[in-house]
Each structure stands twice: as structure tokens, then as C-alpha cells.
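File shown: input36.pdb (PDB, N, CA and C atoms).
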```
ATOM      1  N   MET A   1      88.419  25.170  71.952
ATOM      2  CA  MET A   1      89.171  25.960  71.007
ATOM      3  C   MET A   1      90.632  25.668  71.276
ATOM      4  N   PRO A   2      91.495  25.527  70.445
ATOM      5  CA  PRO A   2      91.474  25.813  69.011
ATOM      6  C   PRO A   2      91.111  24.580  68.178
ATOM      7  N   HIS A   3      90.929  24.832  66.880
ATOM      8  CA  HIS A   3      90.819  23.762  65.895
ATOM      9  C   HIS A   3      92.131  23.764  65.126
ATOM     10  N   CYS A   4      92.890  22.691  65.249
ATOM     11  CA  CYS A   4      94.180  22.566  64.567
ATOM     12  C   CYS A   4      94.001  21.602  63.401
ATOM     13  N   ILE A   5      94.190  22.102  62.203
ATOM     14  CA  ILE A   5      93.995  21.302  60.997
ATOM     15  C   ILE A   5      95.347  21.151  60.313
ATOM     16  N   ILE A   6      95.796  19.916  60.212
ATOM     17  CA  ILE A   6      97.104  19.622  59.640
ATOM     18  C   ILE A   6      96.910  19.052  58.240
ATOM     19  N   GLU A   7      97.533  19.671  57.263
ATOM     20  CA  GLU A   7      97.606  19.125  55.915
ATOM     21  C   GLU A   7      99.062  18.712  55.719
ATOM     22  N   HIS A   8      99.277  17.511  55.185
ATOM     23  CA  HIS A   8     100.650  17.025  55.078
ATOM     24  C   HIS A   8     100.782  15.977  53.982
ATOM     25  N   SER A   9     102.019  15.778  53.552
ATOM     26  CA  SER A   9     102.277  14.713  52.581
ATOM     27  C   SER A   9     102.070  13.374  53.284
ATOM     28  N   SER A  10     101.603  12.393  52.529
ATOM     29  CA  SER A  10     101.224  11.098  53.104
ATOM     30  C   SER A  10     102.411  10.301  53.631
ATOM     31  N   THR A  11     103.614  10.717  53.322
ATOM     32  CA  THR A  11     104.803  10.006  53.802
ATOM     33  C   THR A  11     105.138  10.348  55.255
ATOM     34  N   ILE A  12     104.449  11.312  55.832
ATOM     35  CA  ILE A  12     104.692  11.724  57.213
ATOM     36  C   ILE A  12     103.622  11.100  58.104
ATOM     37  N   ASN A  13     104.038  10.537  59.230
ATOM     38  CA  ASN A  13     103.154   9.835  60.147
ATOM     39  C   ASN A  13     102.138  10.792  60.783
ATOM     40  N   ALA A  14     100.866  10.556  60.516
ATOM     41  CA  ALA A  14      99.798  11.438  60.999
ATOM     42  C   ALA A  14      99.650  11.404  62.514
ATOM     43  N   GLU A  15      99.802  10.249  63.133
ATOM     44  CA  GLU A  15      99.664  10.165  64.590
ATOM     45  C   GLU A  15     100.721  11.008  65.290
ATOM     46  N   GLN A  16     101.958  10.945  64.794
ATOM     47  CA  GLN A  16     103.022  11.764  65.372
ATOM     48  C   GLN A  16     102.722  13.245  65.191
ATOM     49  N   LEU A  17     102.261  13.607  63.997
ATOM     50  CA  LEU A  17     101.916  15.013  63.739
ATOM     51  C   LEU A  17     100.826  15.495  64.683
ATOM     52  N   ASN A  18      99.777  14.707  64.831
ATOM     53  CA  ASN A  18      98.671  15.092  65.712
ATOM     54  C   ASN A  18      99.170  15.327  67.139
ATOM     55  N   LYS A  19     100.009  14.435  67.633
ATOM     56  CA  LYS A  19     100.544  14.575  68.991
ATOM     57  C   LYS A  19     101.402  15.828  69.128
ATOM     58  N   LYS A  20     102.258  16.083  68.137
ATOM     59  CA  LYS A  20     103.139  17.254  68.198
ATOM     60  C   LYS A  20     102.345  18.556  68.157
ATOM     61  N   VAL A  21     101.351  18.627  67.296
ATOM     62  CA  VAL A  21     100.541  19.844  67.203
ATOM     63  C   VAL A  21      99.731  20.040  68.478
ATOM     64  N   PHE A  22      99.190  18.969  69.023
ATOM     65  CA  PHE A  22      98.476  19.050  70.299
ATOM     66  C   PHE A  22      99.389  19.621  71.382
ATOM     67  N   LEU A  23     100.603  19.059  71.486
ATOM     68  CA  LEU A  23     101.551  19.540  72.499
ATOM     69  C   LEU A  23     101.922  21.002  72.283
ATOM     70  N   GLY A  24     102.096  21.394  71.031
ATOM     71  CA  GLY A  24     102.411  22.784  70.740
ATOM     72  C   GLY A  24     101.316  23.724  71.193
ATOM     73  N   ALA A  25     100.069  23.367  70.914
ATOM     74  CA  ALA A  25      98.937  24.193  71.355
ATOM     75  C   ALA A  25      98.847  24.199  72.878
ATOM     76  N   LEU A  26      99.037  23.047  73.497
ATOM     77  CA  LEU A  26      98.992  22.949  74.956
ATOM     78  C   LEU A  26     100.099  23.785  75.594
ATOM     79  N   ASN A  27     101.302  23.715  75.048
ATOM     80  CA  ASN A  27     102.450  24.446  75.592
ATOM     81  C   ASN A  27     102.297  25.965  75.483
ATOM     82  N   SER A  28     101.410  26.419  74.620
ATOM     83  CA  SER A  28     101.187  27.868  74.491
ATOM     84  C   SER A  28     100.539  28.451  75.748
ATOM     85  N   GLU A  29      99.887  27.600  76.522
ATOM     86  CA  GLU A  29      99.174  28.006  77.743
ATOM     87  C   GLU A  29      98.053  29.004  77.474
ATOM     88  N   LEU A  30      97.540  28.996  76.238
ATOM     89  CA  LEU A  30      96.419  29.870  75.877
ATOM     90  C   LEU A  30      95.071  29.182  76.041
ATOM     91  N   PHE A  31      95.097  27.870  76.303
ATOM     92  CA  PHE A  31      93.869  27.088  76.329
ATOM     93  C   PHE A  31      93.777  26.336  77.659
ATOM     94  N   GLU A  32      92.777  25.487  77.819
ATOM     95  CA  GLU A  32      92.600  24.745  79.069
ATOM     96  C   GLU A  32      93.883  23.972  79.406
ATOM     97  N   ALA A  33      94.269  23.985  80.674
ATOM     98  CA  ALA A  33      95.534  23.379  81.109
ATOM     99  C   ALA A  33      95.612  21.877  80.842
ATOM    100  N   ASP A  34      94.462  21.204  80.820
ATOM    101  CA  ASP A  34      94.464  19.760  80.557
ATOM    102  C   ASP A  34      94.297  19.436  79.070
ATOM    103  N   GLY A  35      94.145  20.454  78.232
ATOM    104  CA  GLY A  35      94.048  20.250  76.792
ATOM    105  C   GLY A  35      92.698  19.791  76.284
ATOM    106  N   ARG A  36      91.700  19.766  77.148
ATOM    107  CA  ARG A  36      90.396  19.226  76.735
ATOM    108  C   ARG A  36      89.703  20.043  75.646
ATOM    109  N   ASP A  37      90.122  21.275  75.446
ATOM    110  CA  ASP A  37      89.482  22.118  74.428
ATOM    111  C   ASP A  37      90.289  22.192  73.128
ATOM    112  N   ILE A  38      91.386  21.444  73.032
ATOM    113  CA  ILE A  38      92.231  21.464  71.831
ATOM    114  C   ILE A  38      91.791  20.341  70.904
ATOM    115  N   LYS A  39      91.449  20.698  69.682
ATOM    116  CA  LYS A  39      91.013  19.719  68.689
ATOM    117  C   LYS A  39      92.052  19.670  67.567
ATOM    118  N   VAL A  40      92.472  18.467  67.212
ATOM    119  CA  VAL A  40      93.491  18.295  66.175
ATOM    120  C   VAL A  40      93.008  17.243  65.180
ATOM    121  N   ARG A  41      93.153  17.552  63.908
ATOM    122  CA  ARG A  41      92.835  16.575  62.864
ATOM    123  C   ARG A  41      93.808  16.772  61.717
ATOM    124  N   SER A  42      94.010  15.708  60.979
ATOM    125  CA  SER A  42      94.997  15.789  59.899
ATOM    126  C   SER A  42      94.448  15.190  58.609
ATOM    127  N   ILE A  43      94.949  15.735  57.520
ATOM    128  CA  ILE A  43      94.591  15.280  56.174
ATOM    129  C   ILE A  43      95.890  14.988  55.437
ATOM    130  N   ALA A  44      96.068  13.733  55.035
ATOM    131  CA  ALA A  44      97.273  13.340  54.300
ATOM    132  C   ALA A  44      96.989  13.405  52.799
ATOM    133  N   TYR A  45      97.935  13.963  52.071
ATOM    134  CA  TYR A  45      97.797  14.100  50.624
ATOM    135  C   TYR A  45      98.743  13.151  49.907
ATOM    136  N   GLU A  46      98.194  12.354  49.005
ATOM    137  CA  GLU A  46      98.991  11.498  48.124
ATOM    138  C   GLU A  46      99.446  12.292  46.906
ATOM    139  N   ASN A  47      98.558  13.145  46.425
ATOM    140  CA  ASN A  47      98.811  13.904  45.200
ATOM    141  C   ASN A  47      98.984  15.377  45.522
ATOM    142  N   TYR A  48     100.174  15.883  45.250
ATOM    143  CA  TYR A  48     100.484  17.284  45.511
ATOM    144  C   TYR A  48     101.729  17.661  44.719
ATOM    145  N   GLN A  49     101.948  18.936  44.605
ATOM    146  CA  GLN A  49     103.150  19.435  43.950
ATOM    147  C   GLN A  49     103.742  20.539  44.819
ATOM    148  N   THR A  50     105.031  20.485  45.030
ATOM    149  CA  THR A  50     105.723  21.505  45.825
ATOM    150  C   THR A  50     106.841  22.087  44.971
ATOM    151  N   GLY A  51     106.494  23.044  44.147
ATOM    152  CA  GLY A  51     107.479  23.650  43.250
ATOM    153  C   GLY A  51     107.884  22.682  42.152
ATOM    154  N   THR A  52     109.153  22.710  41.801
ATOM    155  CA  THR A  52     109.633  21.850  40.712
ATOM    156  C   THR A  52     110.091  20.485  41.203
ATOM    157  N   GLU A  53     110.297  20.334  42.524
ATOM    158  CA  GLU A  53     110.676  19.042  43.102
ATOM    159  C   GLU A  53     109.662  18.649  44.164
ATOM    160  N   LYS A  54     109.224  17.409  44.124
ATOM    161  CA  LYS A  54     108.252  16.952  45.104
ATOM    162  C   LYS A  54     108.963  16.707  46.433
ATOM    163  N   GLU A  55     108.590  17.494  47.441
ATOM    164  CA  GLU A  55     109.160  17.364  48.773
ATOM    165  C   GLU A  55     108.030  17.218  49.780
ATOM    166  N   ASP A  56     108.351  16.616  50.914
ATOM    167  CA  ASP A  56     107.374  16.500  51.983
ATOM    168  C   ASP A  56     106.959  17.889  52.468
ATOM    169  N   PHE A  57     105.757  17.971  52.998
ATOM    170  CA  PHE A  57     105.288  19.247  53.541
ATOM    171  C   PHE A  57     104.357  19.005  54.715
ATOM    172  N   ILE A  58     104.302  20.012  55.572
ATOM    173  CA  ILE A  58     103.330  20.083  56.667
ATOM    174  C   ILE A  58     102.828  21.520  56.693
ATOM    175  N   HIS A  59     101.513  21.681  56.661
ATOM    176  CA  HIS A  59     100.928  23.004  56.861
ATOM    177  C   HIS A  59      99.874  22.869  57.949
ATOM    178  N   VAL A  60     100.042  23.629  59.015
ATOM    179  CA  VAL A  60      99.097  23.593  60.126
ATOM    180  C   VAL A  60      98.336  24.912  60.157
ATOM    181  N   THR A  61      97.022  24.816  60.134
ATOM    182  CA  THR A  61      96.154  25.964  60.328
ATOM    183  C   THR A  61      95.561  25.834  61.725
ATOM    184  N   VAL A  62      95.817  26.823  62.556
ATOM    185  CA  VAL A  62      95.269  26.833  63.911
ATOM    186  C   VAL A  62      94.184  27.899  63.931
ATOM    187  N   ARG A  63      92.942  27.450  64.021
ATOM    188  CA  ARG A  63      91.796  28.365  63.999
ATOM    189  C   ARG A  63      91.373  28.644  65.438
ATOM    190  N   ILE A  64      91.380  29.935  65.803
ATOM    191  CA  ILE A  64      91.016  30.354  67.155
ATOM    192  C   ILE A  64      89.939  31.438  67.077
ATOM    193  N   LEU A  65      89.161  31.556  68.135
ATOM    194  CA  LEU A  65      88.159  32.616  68.174
ATOM    195  C   LEU A  65      88.848  33.973  68.176
ATOM    196  N   SER A  66      88.269  34.929  67.482
ATOM    197  CA  SER A  66      88.836  36.278  67.375
ATOM    198  C   SER A  66      88.963  36.912  68.749
ATOM    199  N   GLY A  67      89.928  37.826  68.849
ATOM    200  CA  GLY A  67      90.105  38.568  70.085
ATOM    201  C   GLY A  67      91.470  38.395  70.724
ATOM    202  N   ARG A  68      92.254  37.439  70.263
ATOM    203  CA  ARG A  68      93.605  37.241  70.815
ATOM    204  C   ARG A  68      94.550  38.299  70.261
ATOM    205  N   SER A  69      95.557  38.617  71.034
ATOM    206  CA  SER A  69      96.541  39.613  70.598
ATOM    207  C   SER A  69      97.485  39.013  69.550
ATOM    208  N   ASP A  70      98.138  39.889  68.799
ATOM    209  CA  ASP A  70      99.137  39.437  67.825
ATOM    210  C   ASP A  70     100.274  38.699  68.531
ATOM    211  N   THR A  71     100.611  39.130  69.732
ATOM    212  CA  THR A  71     101.664  38.469  70.510
ATOM    213  C   THR A  71     101.265  37.039  70.842
ATOM    214  N   ASP A  72     100.022  36.837  71.286
ATOM    215  CA  ASP A  72      99.528  35.487  71.582
ATOM    216  C   ASP A  72      99.549  34.613  70.333
ATOM    217  N   LYS A  73      99.136  35.164  69.215
ATOM    218  CA  LYS A  73      99.099  34.393  67.961
ATOM    219  C   LYS A  73     100.512  33.997  67.527
ATOM    220  N   ALA A  74     101.447  34.919  67.637
ATOM    221  CA  ALA A  74     102.832  34.619  67.257
ATOM    222  C   ALA A  74     103.419  33.550  68.173
ATOM    223  N   MET A  75     103.137  33.643  69.461
ATOM    224  CA  MET A  75     103.636  32.660  70.406
ATOM    225  C   MET A  75     103.026  31.286  70.138
ATOM    226  N   LEU A  76     101.745  31.230  69.839
ATOM    227  CA  LEU A  76     101.078  29.978  69.503
ATOM    228  C   LEU A  76     101.717  29.344  68.268
ATOM    229  N   SER A  77     101.940  30.147  67.259
ATOM    230  CA  SER A  77     102.593  29.662  66.043
ATOM    231  C   SER A  77     103.971  29.086  66.357
ATOM    232  N   GLU A  78     104.718  29.767  67.194
ATOM    233  CA  GLU A  78     106.072  29.312  67.554
ATOM    234  C   GLU A  78     106.058  28.032  68.382
ATOM    235  N   THR A  79     105.116  27.906  69.323
ATOM    236  CA  THR A  79     105.092  26.690  70.145
ATOM    237  C   THR A  79     104.707  25.472  69.310
ATOM    238  N   VAL A  80     103.817  25.656  68.350
ATOM    239  CA  VAL A  80     103.477  24.554  67.441
ATOM    240  C   VAL A  80     104.677  24.230  66.548
ATOM    241  N   MET A  81     105.321  25.252  65.996
ATOM    242  CA  MET A  81     106.486  25.030  65.128
ATOM    243  C   MET A  81     107.604  24.309  65.872
ATOM    244  N   THR A  82     107.853  24.693  67.110
ATOM    245  CA  THR A  82     108.897  24.043  67.901
ATOM    246  C   THR A  82     108.647  22.547  68.010
ATOM    247  N   GLN A  83     107.414  22.172  68.247
ATOM    248  CA  GLN A  83     107.082  20.743  68.332
ATOM    249  C   GLN A  83     107.283  20.051  66.985
ATOM    250  N   LEU A  84     106.883  20.693  65.905
ATOM    251  CA  LEU A  84     107.040  20.085  64.585
ATOM    252  C   LEU A  84     108.514  19.899  64.227
ATOM    253  N   LEU A  85     109.346  20.842  64.607
ATOM    254  CA  LEU A  85     110.780  20.736  64.313
ATOM    255  C   LEU A  85     111.429  19.579  65.057
ATOM    256  N   SER A  86     110.833  19.142  66.140
ATOM    257  CA  SER A  86     111.383  18.007  66.884
ATOM    258  C   SER A  86     111.167  16.674  66.169
ATOM    259  N   LEU A  87     110.432  16.677  65.060
ATOM    260  CA  LEU A  87     110.223  15.456  64.277
ATOM    261  C   LEU A  87     111.468  15.046  63.497
ATOM    262  N   SER A  88     112.434  15.923  63.385
ATOM    263  CA  SER A  88     113.690  15.640  62.672
ATOM    264  C   SER A  88     113.458  15.217  61.226
ATOM    265  N   LEU A  89     112.625  15.941  60.529
ATOM    266  CA  LEU A  89     112.400  15.684  59.112
ATOM    267  C   LEU A  89     113.529  16.315  58.302
ATOM    268  N   SER A  90     113.726  15.810  57.102
ATOM    269  CA  SER A  90     114.688  16.460  56.204
ATOM    270  C   SER A  90     113.998  16.716  54.873
ATOM    271  N   ARG A  91     114.363  17.806  54.251
ATOM    272  CA  ARG A  91     113.788  18.215  52.969
ATOM    273  C   ARG A  91     112.263  18.286  53.036
ATOM    274  N   ALA A  92     111.780  19.017  54.006
ATOM    275  CA  ALA A  92     110.337  19.195  54.168
ATOM    276  C   ALA A  92     110.049  20.664  54.426
ATOM    277  N   SER A  93     108.962  21.145  53.880
ATOM    278  CA  SER A  93     108.488  22.501  54.137
ATOM    279  C   SER A  93     107.479  22.430  55.279
ATOM    280  N   ILE A  94     107.698  23.233  56.322
ATOM    281  CA  ILE A  94     106.818  23.230  57.483
ATOM    282  C   ILE A  94     106.307  24.652  57.689
ATOM    283  N   THR A  95     104.983  24.805  57.706
ATOM    284  CA  THR A  95     104.386  26.113  57.915
ATOM    285  C   THR A  95     103.273  26.016  58.955
ATOM    286  N   VAL A  96     103.096  27.106  59.708
ATOM    287  CA  VAL A  96     102.033  27.201  60.707
ATOM    288  C   VAL A  96     101.347  28.547  60.512
ATOM    289  N   GLU A  97     100.032  28.521  60.494
ATOM    290  CA  GLU A  97      99.233  29.726  60.284
ATOM    291  C   GLU A  97      98.151  29.792  61.362
ATOM    292  N   VAL A  98      98.075  30.895  62.067
ATOM    293  CA  VAL A  98      97.025  31.100  63.056
ATOM    294  C   VAL A  98      95.973  32.004  62.430
ATOM    295  N   VAL A  99      94.729  31.537  62.450
ATOM    296  CA  VAL A  99      93.631  32.229  61.771
ATOM    297  C   VAL A  99      92.512  32.519  62.765
ATOM    298  N   ASP A 100      92.020  33.751  62.739
ATOM    299  CA  ASP A 100      90.886  34.129  63.582
ATOM    300  C   ASP A 100      89.574  33.623  62.993
ATOM    301  N   MET A 101      88.724  33.103  63.872
ATOM    302  CA  MET A 101      87.343  32.788  63.512
ATOM    303  C   MET A 101      86.463  33.856  64.169
ATOM    304  N   ASP A 102      85.564  34.419  63.414
ATOM    305  CA  ASP A 102      84.666  35.444  63.950
ATOM    306  C   ASP A 102      83.804  34.825  65.045
ATOM    307  N   ARG A 103      83.957  35.296  66.250
ATOM    308  CA  ARG A 103      83.230  34.687  67.368
ATOM    309  C   ARG A 103      81.716  34.898  67.264
ATOM    310  N   HIS A 104      81.285  35.912  66.501
ATOM    311  CA  HIS A 104      79.854  36.151  66.347
ATOM    312  C   HIS A 104      79.227  35.164  65.367
ATOM    313  N   GLY A 105      80.028  34.593  64.496
ATOM    314  CA  GLY A 105      79.519  33.643  63.522
ATOM    315  C   GLY A 105      79.828  32.188  63.862
ATOM    316  N   TYR A 106      80.366  31.947  65.046
ATOM    317  CA  TYR A 106      80.749  30.595  65.452
ATOM    318  C   TYR A 106      79.673  30.029  66.375
ATOM    319  N   ALA A 107      79.284  28.804  66.117
ATOM    320  CA  ALA A 107      78.311  28.117  66.973
ATOM    321  C   ALA A 107      78.861  26.756  67.348
ATOM    322  N   LYS A 108      78.562  26.306  68.550
ATOM    323  CA  LYS A 108      79.028  24.996  69.022
ATOM    324  C   LYS A 108      77.953  24.366  69.870
ATOM    325  N   VAL A 109      77.726  23.075  69.634
ATOM    326  CA  VAL A 109      76.820  22.289  70.440
ATOM    327  C   VAL A 109      77.466  20.936  70.667
ATOM    328  N   VAL A 110      77.480  20.453  71.885
ATOM    329  CA  VAL A 110      77.964  19.109  72.180
ATOM    330  C   VAL A 110      76.735  18.271  72.498
ATOM    331  N   VAL A 111      76.535  17.209  71.712
ATOM    332  CA  VAL A 111      75.336  16.364  71.920
ATOM    333  C   VAL A 111      75.721  14.988  72.376
TER     334      VAL A 111
END
```
For the file at hand, write its structure as C-alpha cells.
Amino acid sequence: MPHCIIEHSSTINAEQLNKKVFLGALNSELFEADGRDIKVRSIAYENYQTGTEKEDFIHVTVRILSGRSDTDKAMLSETVMTQLLSLSLSRASITVEVVDMDRHGYAKVVV
């Protein structure tokens, strides 16, 4: 845990985004110290609309098992955002959302 899902405009380098989001989640210190439980994936969009002018965007959804405090969630959001801001983008919308997954409805198997 967590599952970090990045949606972004295709003009932004996905490998850099994945690394930054991973570091942000790791820096939160809410997960395994070596990062082995942090999962990051990204989806680049060619076709999108951002208001009346087409601008780059990044939206990160960080899905975590329910039970964390609001303080932990806010800190996680901030540590991910801090890493994204280090990309030095211009004219881009950057958002981070932390979402609870119901732990009773979550199943995991490693095969």
C-alpha cells in the first residue's frame, strides 16, 4: 500500500512523474521504509480539455487502506505535491487526492 495512480497530459515525462510520486509517498514515512509496498502507475492522455485553454495537467490519486488519520492523509498529499513541484513545470495544473479504500472489501494475492 499505497496505490498511486497518476493521470497526466502526454507532454509530461511519465518516468519522472513515477519517480517523484514514489519519492513523495516514501518521504511521508507512512509506508515501508524501503518503499517495497508503494505502487505507482501512470496514464498519459493525448486527448483532454482543461477549461478554455489546453494546459498540461497532473492528477495523482493515492489510494490507501481506510483507517489513517486526516493529518496523515494531508501530510501524504503534501509530500507528494512537494515532489511534483520540483519538476519545474510551467502553466500546469497539479492536484493530489488521497482516497480511502475500504479495508474490508480489499483483497490481495501475490502469485
**OP:** For region 79-96 of chain A, list every protein, DNA or RNA residue within 8 Å, evaluated using all atoms listed in the file, and leave out those in the same chain fewer than 6 positions away; present the list as a ChimeraX atom specification.
**Re:** /A:16-17,19-28,54-62,73
Just-selected residues, N, CA and C atoms written as a PDB file, in the coordinates of the input:
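The result, written out as again03.pdb:
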```pdb
ATOM      1  N   GLN A  16     101.958  10.945  64.794  1.00  0.00           N
ATOM      2  CA  GLN A  16     103.022  11.764  65.372  1.00  0.00           C
ATOM      3  C   GLN A  16     102.722  13.245  65.191  1.00  0.00           C
ATOM      4  N   LEU A  17     102.261  13.607  63.997  1.00  0.00           N
ATOM      5  CA  LEU A  17     101.916  15.013  63.739  1.00  0.00           C
ATOM      6  C   LEU A  17     100.826  15.495  64.683  1.00  0.00           C
ATOM      7  N   LYS A  19     100.009  14.435  67.633  1.00  0.00           N
ATOM      8  CA  LYS A  19     100.544  14.575  68.991  1.00  0.00           C
ATOM      9  C   LYS A  19     101.402  15.828  69.128  1.00  0.00           C
ATOM     10  N   LYS A  20     102.258  16.083  68.137  1.00  0.00           N
ATOM     11  CA  LYS A  20     103.139  17.254  68.198  1.00  0.00           C
ATOM     12  C   LYS A  20     102.345  18.556  68.157  1.00  0.00           C
ATOM     13  N   VAL A  21     101.351  18.627  67.296  1.00  0.00           N
ATOM     14  CA  VAL A  21     100.541  19.844  67.203  1.00  0.00           C
ATOM     15  C   VAL A  21      99.731  20.040  68.478  1.00  0.00           C
ATOM     16  N   PHE A  22      99.190  18.969  69.023  1.00  0.00           N
ATOM     17  CA  PHE A  22      98.476  19.050  70.299  1.00  0.00           C
ATOM     18  C   PHE A  22      99.389  19.621  71.382  1.00  0.00           C
ATOM     19  N   LEU A  23     100.603  19.059  71.486  1.00  0.00           N
ATOM     20  CA  LEU A  23     101.551  19.540  72.499  1.00  0.00           C
ATOM     21  C   LEU A  23     101.922  21.002  72.283  1.00  0.00           C
ATOM     22  N   GLY A  24     102.096  21.394  71.031  1.00  0.00           N
ATOM     23  CA  GLY A  24     102.411  22.784  70.740  1.00  0.00           C
ATOM     24  C   GLY A  24     101.316  23.724  71.193  1.00  0.00           C
ATOM     25  N   ALA A  25     100.069  23.367  70.914  1.00  0.00           N
ATOM     26  CA  ALA A  25      98.937  24.193  71.355  1.00  0.00           C
ATOM     27  C   ALA A  25      98.847  24.199  72.878  1.00  0.00           C
ATOM     28  N   LEU A  26      99.037  23.047  73.497  1.00  0.00           N
ATOM     29  CA  LEU A  26      98.992  22.949  74.956  1.00  0.00           C
ATOM     30  C   LEU A  26     100.099  23.785  75.594  1.00  0.00           C
ATOM     31  N   ASN A  27     101.302  23.715  75.048  1.00  0.00           N
ATOM     32  CA  ASN A  27     102.450  24.446  75.592  1.00  0.00           C
ATOM     33  C   ASN A  27     102.297  25.965  75.483  1.00  0.00           C
ATOM     34  N   SER A  28     101.410  26.419  74.620  1.00  0.00           N
ATOM     35  CA  SER A  28     101.187  27.868  74.491  1.00  0.00           C
ATOM     36  C   SER A  28     100.539  28.451  75.748  1.00  0.00           C
ATOM     37  N   LYS A  54     109.224  17.409  44.124  1.00  0.00           N
ATOM     38  CA  LYS A  54     108.252  16.952  45.104  1.00  0.00           C
ATOM     39  C   LYS A  54     108.963  16.707  46.433  1.00  0.00           C
ATOM     40  N   GLU A  55     108.590  17.494  47.441  1.00  0.00           N
ATOM     41  CA  GLU A  55     109.160  17.364  48.773  1.00  0.00           C
ATOM     42  C   GLU A  55     108.030  17.218  49.780  1.00  0.00           C
ATOM     43  N   ASP A  56     108.351  16.616  50.914  1.00  0.00           N
ATOM     44  CA  ASP A  56     107.374  16.500  51.983  1.00  0.00           C
ATOM     45  C   ASP A  56     106.959  17.889  52.468  1.00  0.00           C
ATOM     46  N   PHE A  57     105.757  17.971  52.998  1.00  0.00           N
ATOM     47  CA  PHE A  57     105.288  19.247  53.541  1.00  0.00           C
ATOM     48  C   PHE A  57     104.357  19.005  54.715  1.00  0.00           C
ATOM     49  N   ILE A  58     104.302  20.012  55.572  1.00  0.00           N
ATOM     50  CA  ILE A  58     103.330  20.083  56.667  1.00  0.00           C
ATOM     51  C   ILE A  58     102.828  21.520  56.693  1.00  0.00           C
ATOM     52  N   HIS A  59     101.513  21.681  56.661  1.00  0.00           N
ATOM     53  CA  HIS A  59     100.928  23.004  56.861  1.00  0.00           C
ATOM     54  C   HIS A  59      99.874  22.869  57.949  1.00  0.00           C
ATOM     55  N   VAL A  60     100.042  23.629  59.015  1.00  0.00           N
ATOM     56  CA  VAL A  60      99.097  23.593  60.126  1.00  0.00           C
ATOM     57  C   VAL A  60      98.336  24.912  60.157  1.00  0.00           C
ATOM     58  N   THR A  61      97.022  24.816  60.134  1.00  0.00           N
ATOM     59  CA  THR A  61      96.154  25.964  60.328  1.00  0.00           C
ATOM     60  C   THR A  61      95.561  25.834  61.725  1.00  0.00           C
ATOM     61  N   VAL A  62      95.817  26.823  62.556  1.00  0.00           N
ATOM     62  CA  VAL A  62      95.269  26.833  63.911  1.00  0.00           C
ATOM     63  C   VAL A  62      94.184  27.899  63.931  1.00  0.00           C
ATOM     64  N   LYS A  73      99.136  35.164  69.215  1.00  0.00           N
ATOM     65  CA  LYS A  73      99.099  34.393  67.961  1.00  0.00           C
ATOM     66  C   LYS A  73     100.512  33.997  67.527  1.00  0.00           C
TER      67      LYS A  73
END
```
Subject >> Expected answer as a ChimeraX atom specification: strand (DSSP E) residues in chain A >> reply: /A:3-9,39-45,56-65,92-101
**OP:** Spell out the residues picked by the PyMOL selection byres ((chain A and resi 101) around 5) here, as a list in words.
**Re:** Ile64, Leu65, Ser66, Val99, Asp100, Asp102 and Arg103 of chain A
Subject >> Of the listed residues A:Lys108, A:Arg63, A:Arg41, A:Arg36, that which approaches Glu7 (chain A) most closely, counting only C-alpha atoms >> reply: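 Ranking A:Lys108, A:Arg63, A:Arg41, A:Arg36 by distance to Glu7 (chain A), first place goes to A:Arg41.
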Original post:
Could you write out as a PyMOL selection string the residues that the PyMOL selection byres ((chain A and resi 38) around 6.5) matches in the shown file?
Top reply: chain A and resi 1-4+32+35-37+39-40
**OP:** DSSP on the backbone, then: every residue of region 3-108 of chain A marked alpha helix (DSSP H), written as a PyMOL selection string.
**Re:** chain A and resi 14-27+70-85
Subject >> Selection result of the PyMOL selection byres ((chain A and resi 42-48) around 6) on this file, as a list of chain:residue names >> reply: A:Ile5, A:Ile6, A:Glu7, A:His8, A:Ser9, A:Ser10, A:Val40, A:Arg41, A:Gln49, A:Thr50
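Put simply, CA of Glu78 (chain A) is 10.3 Å away from CA of Val98 (chain A).
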**OP:** Have a look at CA of Ala14 (chain A) and atom N of Glu97 (chain A) and let me know their distance in Å, one decimal.
**Re:** 17.1 Å
**OP:** Provide the atom C of Leu30 (chain A) to atom C of Asp72 (chain A) distance in Å, to one decimal place.
**Re:**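 About the pair atom C of Leu30 (chain A) and atom C of Asp72 (chain A): they are 9.1 Å apart.
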